[in-house]
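Before any comments, here is the structure.
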Amino acid sequence: MGNADTKLHFRKAVIQLTTKTQPVEATDDAFWDQFWVDSSTTIQDVFALVPAAEIRAVREESPSNLATLCYKAVERLVQAADSGCPSEKQRQIVLNCVRLLTRILPYIFEDADWRGFFWSTVPGAGRAGRLDEDDGEDEARPLAESLLLAIADLLFCPDFTTQSHKKSSADAAEDIQSIDSCEYIWEAGVGFAQTPPLNYVHDINRTELLKLLLTCFSEAMYLPPSSERKNLNPWVSFFCSTENRHALPLFTSLLNVVCAYDPVGYGFPYNHLLFSDQRGLLVEQAVQILIVTLEQETGSAAGFALQALNGSASPSAEEEQESAGPENLFVNYLSRIHREEDLSFILKGLARLLNNPLVQTYLPHSTKKIQFHQELLILFWKFCDFNKKFLFFVLKSSDVLDMLVPILFYLNDARADQSRVGLMHIGVFILLLLSGERNFGVRLNKPFILRIPMDIPVFTGTHADLLIVIFHKIITSGHQRLHPLFDCLLTVIVNISPYLKSLSMVAANKLLHLLEAFSTPWFLFSSPQNHHLVFFLLEVFNNIIQYQFDGNCNLVYAIIRKRNVFHQLANLPSDMASIQKALQRKKKSGISRTNSIETVSMEGSRPAVPAEPGTLKASLEATPGIDKITEKAQVSEDGTMVAVPHSDSPQAAADCGAAAGGSDTESNSERDHEVYQAESEATRSRLSSVSSSAAWSPNTDWVLSWKVKLPLQTIMRLLQVLVPQVEKICIDKGLTDESEILKFLQHGTLVGLLPVPHPILIRKYQANAGTAMWFRTYMWGVIYLRNVDPPIWYDTDIRLFEIQRI
């Protein structure tokens, strides 16, 4: 009954607030205390008892009351942070204020007139605690700064969010302003060796505070997409600046809590169904806070990773001044991590969590499966991007394969689900980033012996084979919104191809199947970019033949068997009559780009299926073309990378022909939110064909312009030498068994018979404004969809992306 009475009192207070037409004085503590002193409502209760319509009504009709409510709640948090929350009653007040602000803030952000409210001071609202503490200045602190500093203090409050170091409770409460919070880091790991005792109450309190912190940062969701670097989030900028004295211990606590978490727990089956996992909820909030704070890259922080790596000094004061906003300490700390044991702890932690859904047990559903793998992938991306020592550490051993396998699992699992197109992109972007480093290609030669739940053909081979098989499956049985990724997928294969020592027959046949599908005349003539896919595949074959011929008899055999594909490509007709005839075939068949590749039935393939009814999906920005997100580099003889200058010369065009244009007509013509809207595939195909045909049509000059640059010389020379030899041995020995032919090819050589090897060309990932904008919309879309209990931002006026119900 007591709890019901509490809810009733709280609801009456809310009704009073919404019905009062006259402003309530800030000094009327009896009225304001109704919201947090006597109640013990959960956050779910607050969301139910404070409806959205009533918050908006107060905002429009009694703005001063809403302003005072926010001010008084922040004031209470500041007072609690100053006093150290010694009593249970004060801790309950803190939690009530936190829950109320979490509920109200999104409705402050959605109104442009209110957005500056927290960055102003409240005139005549009284002067309390740190709200006006500014070292002698008359100006009070902006409300936002007071709130953020109070949250930071409360996250290291002994007996509330951390374990007290006092011997007994009889001792006086520890002064939160004088404690060294580095001694109160939440978990052992980077920079902290002690493991504090697990306290689920502390974990609950931390989670609620982090939820409010994330809500503060979410102002970014209510601003339209903008690729301007100056568009910094003021909440993140202040929280990650030197103004926050807890920045280092908080960054370390968040990172250690995430990387030390083991969902298996005590290890006995179904334990996650018997106990509520408060640490798991904390880890989810922690990883979301980390990716949001690390998203904000400032000028000085951007270059810091390289400076730290090269051992150069910190940026000068002038350079600091030129950077956009204060330095982001979270990015700074991340870029400085360099000890082997710390890098190993982070990598093992991320790999353990990402591999968690792949773990198979004899008892179904007996182990907990984490759901925050998308946030973990973004965090891994940030580490690789900001800390080059971490990237090199990942690639220097086979540990990188512990990251590769789960990424390929997620890509394969999400390829047919239209609501998970963002997951497909982040996975491919990570592989593109890794493939720009030589060591990644070398590591892929390790045999793949795991058995994980994936619907792929059984094969014996390496991790490179696994990657090619999964990529082939994405291209042949994914949905149409993955077309902009085709260039990225093939670029990854091109980057690793010079280092692949022995492809399996399955992987070799998959590559030849892709070439066969992409080189059909109607496909080549149906879009101004489609021929780039053929250039990529030819480059893959050339790299393997010229640099890894000895071990790749399976690929050579596949090329010989499919030699007619190369001959047809070399003799591709370019007259207008043939072009028109090929396009007529496309119209008659009425098949889309994807279906053309499904002419051969794939083992274990399944058609693209729509998402489950009612699934919510966040829209994404258009993906920039492959030429915008990569820069070309040549690998010199000593293994170092040399940047390739942009050039319009025919030779450069021939070398880099595959990367000359954008990724896909759809990604360029149907920009912004339209790219991933959930219209039917038929409508999509029609829109695409209409838009591309209206702006462009193939002609003889266009076909000849790229046909003459097709890098077919190496393959044609190989066929010229080996086909007669293979035919002769088959006739002489009456061979019908391909194993004998493979044995012959295995011991063959083309030394001195092939053209001079071309330099290895690597396309390294290069960040730009377009990808930064894509990551921002993707990250906040994931956070919006993952926070459903309570649904913090549901039904508010989000402007960064659109939410669609599929």
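By convention in this document, the chains of the structure tokens carry letters A, B, ... by their order, each chain's residues are numbered from 1, and ligands are numbered from 1 in the order they are shown.
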If we count only C-alpha atoms and set the cut-off at 10 Å, which residues sit around Pro51 in chain A, ignoring sequence neighbours fewer than 4 positions away in its own chain? Please answer as a PyMOL selection string. chain A and resi 14+46-47+55-56+103-104
For range 485-490 of chain A, list every protein, DNA or RNA residue within 7 Å, evaluated using only C-alpha atoms, and leave out those in the same chain fewer than 6 positions away; present the list as an mmCIF file with N, CA, C and O atoms, in the first residue's frame.
data_model
loop_
_atom_site.group_PDB
_atom_site.id
_atom_site.type_symbol
_atom_site.label_atom_id
_atom_site.label_comp_id
_atom_site.auth_asym_id
_atom_site.auth_seq_id
_atom_site.Cartn_x
_atom_site.Cartn_y
_atom_site.Cartn_z
ATOM 1 N N VAL A 428 31.506 -3.858 -42.313
ATOM 2 C CA VAL A 428 32.324 -3.754 -43.531
ATOM 3 C C VAL A 428 33.352 -2.630 -43.396
ATOM 4 O O VAL A 428 34.497 -2.762 -43.832
ATOM 5 N N LEU A 432 37.324 -2.946 -43.831
ATOM 6 C CA LEU A 432 38.033 -2.083 -44.778
ATOM 7 C C LEU A 432 39.221 -1.412 -44.096
ATOM 8 O O LEU A 432 40.324 -1.346 -44.657
ATOM 9 N N PHE A 471 31.336 -12.857 -47.923
ATOM 10 C CA PHE A 471 31.134 -11.706 -48.811
ATOM 11 C C PHE A 471 30.317 -12.101 -50.037
ATOM 12 O O PHE A 471 29.443 -11.363 -50.492
ATOM 13 N N ILE A 475 26.612 -10.548 -51.203
ATOM 14 C CA ILE A 475 26.334 -9.982 -52.525
ATOM 15 C C ILE A 475 25.219 -10.750 -53.237
ATOM 16 O O ILE A 475 24.360 -10.162 -53.892
ATOM 17 N N LEU A 533 33.234 -2.957 -60.541
ATOM 18 C CA LEU A 533 33.250 -4.232 -59.811
ATOM 19 C C LEU A 533 34.107 -5.261 -60.552
ATOM 20 O O LEU A 533 34.818 -6.063 -59.937
ATOM 21 N N PHE A 536 37.782 -4.478 -59.943
ATOM 22 C CA PHE A 536 38.213 -4.981 -58.633
ATOM 23 C C PHE A 536 38.545 -6.470 -58.695
ATOM 24 O O PHE A 536 39.590 -6.912 -58.204
ATOM 25 N N ILE A 626 33.245 4.734 -52.631
ATOM 26 C CA ILE A 626 34.518 4.138 -52.197
ATOM 27 C C ILE A 626 35.688 5.081 -52.459
ATOM 28 O O ILE A 626 36.667 5.103 -51.712
ATOM 29 N N SER A 663 29.988 4.704 -55.418
ATOM 30 C CA SER A 663 29.733 3.288 -55.161
ATOM 31 C C SER A 663 28.554 2.753 -55.932
ATOM 32 O O SER A 663 28.573 1.652 -56.414
#
Can you list, as number ranges by chain, every protein, DNA or RNA residue that comes within 8 Å of Pro142 in chain A when you count only C-alpha atoms, leaving out same-chain residues fewer than 5 positions away? A: 118-121, 131
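Each of A:Arg141, A:Pro158, A:Arg59, A:His567 was compared to Asp111 in chain A using only C-alpha atoms, and A:Arg59 turns out to be the nearest.
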Name the residues of range 378-576 of chain A that fall into strand (DSSP E or B) according to DSSP on the backbone, using the chain letters and numbers of this document, as a ChimeraX atom specification. /A:417,447-448,461-462
Quick one: write out the picked residues with all heavy atoms as an mmCIF file, in the first residue's frame?
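In the end it all went to again-v9.cif:
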data_model
loop_
_atom_site.group_PDB
_atom_site.id
_atom_site.type_symbol
_atom_site.label_atom_id
_atom_site.label_comp_id
_atom_site.auth_asym_id
_atom_site.auth_seq_id
_atom_site.Cartn_x
_atom_site.Cartn_y
_atom_site.Cartn_z
ATOM 1 N N ASP A 417 18.202 -8.873 -43.432
ATOM 2 C CA ASP A 417 17.293 -8.101 -42.577
ATOM 3 C C ASP A 417 17.445 -6.612 -42.885
ATOM 4 O O ASP A 417 18.469 -6.013 -42.602
ATOM 5 C CB ASP A 417 17.621 -8.394 -41.103
ATOM 6 C CG ASP A 417 16.629 -7.744 -40.153
ATOM 7 O OD1 ASP A 417 15.864 -6.862 -40.595
ATOM 8 O OD2 ASP A 417 16.623 -8.108 -38.972
ATOM 9 N N PRO A 447 44.491 -21.419 -40.725
ATOM 10 C CA PRO A 447 43.345 -22.310 -41.004
ATOM 11 C C PRO A 447 42.137 -21.992 -40.122
ATOM 12 O O PRO A 447 42.294 -21.636 -38.945
ATOM 13 C CB PRO A 447 43.897 -23.705 -40.677
ATOM 14 C CG PRO A 447 45.369 -23.569 -40.811
ATOM 15 C CD PRO A 447 45.707 -22.164 -40.405
ATOM 16 N N PHE A 448 40.953 -22.103 -40.709
ATOM 17 C CA PHE A 448 39.707 -21.875 -39.980
ATOM 18 C C PHE A 448 39.158 -23.235 -39.529
ATOM 19 O O PHE A 448 38.762 -24.050 -40.359
ATOM 20 C CB PHE A 448 38.697 -21.154 -40.877
ATOM 21 C CG PHE A 448 37.361 -20.960 -40.233
ATOM 22 C CD1 PHE A 448 37.211 -20.085 -39.172
ATOM 23 C CD2 PHE A 448 36.241 -21.645 -40.686
ATOM 24 C CE1 PHE A 448 35.976 -19.905 -38.556
ATOM 25 C CE2 PHE A 448 35.000 -21.471 -40.089
ATOM 26 C CZ PHE A 448 34.872 -20.591 -39.022
ATOM 27 N N GLY A 461 39.535 -24.789 -45.105
ATOM 28 C CA GLY A 461 40.365 -23.714 -45.636
ATOM 29 C C GLY A 461 40.792 -22.750 -44.552
ATOM 30 O O GLY A 461 40.863 -23.099 -43.370
ATOM 31 N N THR A 462 41.068 -21.522 -44.954
ATOM 32 C CA THR A 462 41.615 -20.501 -44.060
ATOM 33 C C THR A 462 40.537 -19.475 -43.712
ATOM 34 O O THR A 462 39.411 -19.514 -44.213
ATOM 35 C CB THR A 462 42.786 -19.785 -44.741
ATOM 36 O OG1 THR A 462 42.272 -19.080 -45.886
ATOM 37 C CG2 THR A 462 43.856 -20.760 -45.190
#
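Take the candidates A:Val644, A:Glu740, A:His531, A:Gly551 and check each one against Leu704 in chain A using only C-alpha atoms; the shortest distance goes to A:His531.
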Excluding range 342-352 of chain A and residues on its chain fewer than 5 positions from it, collect all residues at most 7 Å away from it, counting only C-alpha atoms, and give them as a VMD selection string. chain A and resid 189 to 190 259 to 260 376 390 402 to 403
List every residue of range 737-801 of chain A that has an atom at most 7 Å from any atom of range 434-437 of chain A, and for each one report the closest atom pair and its distance in Å to one decimal, counting only C-alpha atoms, with rows sorted by chain and then by increasing residue number, as CSV.
residue,atom,partner,partner_atom,distance
A:Ile762,CA,A:Gly436,CA,6.2
A:Arg763,CA,A:Gly436,CA,6.3
A:Lys764,CA,A:Gly436,CA,4.5
A:Tyr765,CA,A:Gly436,CA,6.8
Kindly export the residues of the current selection with C-alpha atoms, as an mmCIF file, in the first residue's frame.
data_model
loop_
_atom_site.group_PDB
_atom_site.id
_atom_site.type_symbol
_atom_site.label_atom_id
_atom_site.label_comp_id
_atom_site.auth_asym_id
_atom_site.auth_seq_id
_atom_site.Cartn_x
_atom_site.Cartn_y
_atom_site.Cartn_z
ATOM 1 C CA ILE A 762 46.201 -0.803 -51.304
ATOM 2 C CA ARG A 763 43.156 1.366 -50.740
ATOM 3 C CA LYS A 764 43.345 2.501 -47.116
ATOM 4 C CA TYR A 765 40.293 3.811 -45.283
#
Which residues come within 7 Å of Gln374 in chain A, counting only C-alpha atoms, excluding same-chain residues fewer than 3 positions away, as a VMD selection string? chain A and resid 377 to 378 423
Could you please determine the separation between CA of Leu329 in chain A and CA of Gln285 in chain A in Å, to one decimal place?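 Computed distance, CA of Leu329 in chain A to CA of Gln285 in chain A, equals 19.4 Å.
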Name the residues in contact with Pro106 in chain A at a cut-off of 8 Å, using only C-alpha atoms, excluding same-chain residues fewer than 2 positions from it; report them as a list of chain:residue names.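 My reading of the contact set: A:Thr102, A:Arg103, A:Ile104, A:Ile108, A:Phe109, A:Glu110, A:Thr215, A:Ser218, A:Glu219, A:Ile792, A:Trp793, A:Thr796.
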Selection from above, all heavy atoms, as a JSON list (two decimals), in the first residue's frame, can you write it?
[["chain", "number", "residue", "atom", "x", "y", "z"],
["A", 102, "THR", "N", 15.73, 12.74, -16.40],
["A", 102, "THR", "CA", 15.83, 11.84, -17.56],
["A", 102, "THR", "C", 14.53, 11.88, -18.37],
["A", 102, "THR", "O", 14.56, 11.82, -19.60],
["A", 102, "THR", "CB", 16.11, 10.39, -17.09],
["A", 102, "THR", "OG1", 17.31, 10.38, -16.32],
["A", 102, "THR", "CG2", 16.25, 9.45, -18.28],
["A", 103, "ARG", "N", 13.41, 12.00, -17.67],
["A", 103, "ARG", "CA", 12.12, 12.06, -18.35],
["A", 103, "ARG", "C", 11.90, 13.39, -19.07],
["A", 103, "ARG", "O", 11.37, 13.42, -20.19],
["A", 103, "ARG", "CB", 10.99, 11.84, -17.32],
["A", 103, "ARG", "CG", 9.58, 11.92, -17.88],
["A", 103, "ARG", "CD", 9.37, 10.87, -18.94],
["A", 103, "ARG", "NE", 7.99, 10.75, -19.37],
["A", 103, "ARG", "CZ", 7.63, 10.36, -20.60],
["A", 103, "ARG", "NH1", 8.56, 10.08, -21.51],
["A", 103, "ARG", "NH2", 6.36, 10.25, -20.92],
["A", 104, "ILE", "N", 12.34, 14.49, -18.45],
["A", 104, "ILE", "CA", 11.98, 15.83, -18.96],
["A", 104, "ILE", "C", 12.93, 16.32, -20.06],
["A", 104, "ILE", "O", 12.52, 16.97, -21.02],
["A", 104, "ILE", "CB", 11.96, 16.84, -17.79],
["A", 104, "ILE", "CG1", 10.78, 16.52, -16.86],
["A", 104, "ILE", "CG2", 11.87, 18.27, -18.29],
["A", 104, "ILE", "CD1", 10.80, 17.32, -15.57],
["A", 108, "ILE", "N", 12.82, 19.22, -23.45],
["A", 108, "ILE", "CA", 13.53, 20.52, -23.48],
["A", 108, "ILE", "C", 14.28, 20.63, -24.81],
["A", 108, "ILE", "O", 14.25, 21.65, -25.48],
["A", 108, "ILE", "CB", 14.54, 20.60, -22.30],
["A", 108, "ILE", "CG1", 13.83, 20.48, -20.96],
["A", 108, "ILE", "CG2", 15.38, 21.87, -22.40],
["A", 108, "ILE", "CD1", 13.17, 21.70, -20.43],
["A", 109, "PHE", "N", 14.95, 19.54, -25.20],
["A", 109, "PHE", "CA", 15.79, 19.56, -26.41],
["A", 109, "PHE", "C", 14.97, 19.67, -27.69],
["A", 109, "PHE", "O", 15.43, 20.24, -28.68],
["A", 109, "PHE", "CB", 16.64, 18.29, -26.49],
["A", 109, "PHE", "CG", 17.67, 18.16, -25.39],
["A", 109, "PHE", "CD1", 18.08, 16.90, -24.94],
["A", 109, "PHE", "CD2", 18.23, 19.28, -24.81],
["A", 109, "PHE", "CE1", 19.03, 16.77, -23.93],
["A", 109, "PHE", "CE2", 19.17, 19.17, -23.79],
["A", 109, "PHE", "CZ", 19.57, 17.91, -23.36],
["A", 110, "GLU", "N", 13.75, 19.11, -27.70],
["A", 110, "GLU", "CA", 13.01, 19.07, -28.97],
["A", 110, "GLU", "C", 12.48, 20.44, -29.36],
["A", 110, "GLU", "O", 12.10, 20.66, -30.51],
["A", 110, "GLU", "CB", 11.86, 18.06, -28.90],
["A", 110, "GLU", "CG", 10.69, 18.48, -28.05],
["A", 110, "GLU", "CD", 9.51, 17.53, -28.14],
["A", 110, "GLU", "OE1", 9.64, 16.48, -28.80],
["A", 110, "GLU", "OE2", 8.46, 17.83, -27.54],
["A", 215, "THR", "N", 21.20, 10.97, -21.57],
["A", 215, "THR", "CA", 20.08, 11.84, -21.96],
["A", 215, "THR", "C", 20.56, 13.27, -22.17],
["A", 215, "THR", "O", 20.14, 13.95, -23.10],
["A", 215, "THR", "CB", 18.97, 11.79, -20.89],
["A", 215, "THR", "OG1", 18.64, 10.43, -20.61],
["A", 215, "THR", "CG2", 17.72, 12.50, -21.37],
["A", 218, "SER", "N", 22.15, 13.59, -25.45],
["A", 218, "SER", "CA", 21.28, 13.30, -26.60],
["A", 218, "SER", "C", 20.71, 14.54, -27.28],
["A", 218, "SER", "O", 19.92, 14.43, -28.21],
["A", 218, "SER", "CB", 20.13, 12.39, -26.18],
["A", 218, "SER", "OG", 19.21, 13.08, -25.35],
["A", 219, "GLU", "N", 21.11, 15.72, -26.84],
["A", 219, "GLU", "CA", 20.69, 16.93, -27.56],
["A", 219, "GLU", "C", 21.04, 16.82, -29.05],
["A", 219, "GLU", "O", 20.35, 17.38, -29.91],
["A", 219, "GLU", "CB", 21.35, 18.18, -26.95],
["A", 219, "GLU", "CG", 20.91, 19.48, -27.61],
["A", 219, "GLU", "CD", 21.60, 20.70, -27.01],
["A", 219, "GLU", "OE1", 21.88, 20.70, -25.80],
["A", 219, "GLU", "OE2", 21.86, 21.65, -27.77],
["A", 792, "ILE", "N", 13.37, 6.33, -23.51],
["A", 792, "ILE", "CA", 13.71, 7.72, -23.16],
["A", 792, "ILE", "C", 13.29, 8.71, -24.24],
["A", 792, "ILE", "O", 12.72, 9.77, -23.95],
["A", 792, "ILE", "CB", 15.24, 7.85, -22.90],
["A", 792, "ILE", "CG1", 15.63, 6.97, -21.72],
["A", 792, "ILE", "CG2", 15.63, 9.31, -22.62],
["A", 792, "ILE", "CD1", 17.12, 6.92, -21.43],
["A", 793, "TRP", "N", 13.53, 8.37, -25.50],
["A", 793, "TRP", "CA", 13.30, 9.36, -26.58],
["A", 793, "TRP", "C", 12.09, 9.04, -27.44],
["A", 793, "TRP", "O", 11.85, 9.69, -28.44],
["A", 793, "TRP", "CB", 14.56, 9.44, -27.46],
["A", 793, "TRP", "CG", 15.77, 9.82, -26.68],
["A", 793, "TRP", "CD1", 16.12, 11.06, -26.26],
["A", 793, "TRP", "CD2", 16.80, 8.94, -26.21],
["A", 793, "TRP", "NE1", 17.29, 11.01, -25.54],
["A", 793, "TRP", "CE2", 17.74, 9.72, -25.49],
["A", 793, "TRP", "CE3", 17.02, 7.57, -26.31],
["A", 793, "TRP", "CZ2", 18.87, 9.19, -24.90],
["A", 793, "TRP", "CZ3", 18.15, 7.03, -25.70],
["A", 793, "TRP", "CH2", 19.06, 7.83, -25.01],
["A", 796, "THR", "N", 9.39, 11.58, -29.31],
["A", 796, "THR", "CA", 9.82, 12.98, -29.29],
["A", 796, "THR", "C", 10.26, 13.36, -30.70],
["A", 796, "THR", "O", 10.44, 12.51, -31.57],
["A", 796, "THR", "CB", 10.99, 13.21, -28.30],
["A", 796, "THR", "OG1", 12.09, 12.37, -28.69],
["A", 796, "THR", "CG2", 10.57, 12.86, -26.88]]
May I ask which of the residues A:Asp399, A:Asp29, A:Asp153, A:Glu375 is the closest one to Leu785 in chain A, counting only C-alpha atoms?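 Ranking A:Asp399, A:Asp29, A:Asp153, A:Glu375 by distance to Leu785 in chain A, first place goes to A:Glu375.
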Using only C-alpha atoms, determine which residues lie at most 10 Å from Ile15 in chain A, disregarding the query and same-chain residues fewer than 6 positions distant; provide the list as a list in words.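 What passes the distance filter is His9, Leu49, Val50 and Glu54 of chain A.
Nearest residue to Leu17 in chain A, choosing from A:Asn65, A:Thr771, A:Gln418, A:Gln713 and counting only C-alpha atoms: A:Asn65.
With CA of His479 in chain A on one side and CA of Ala416 in chain A on the other, the separation reads 5.7 Å.
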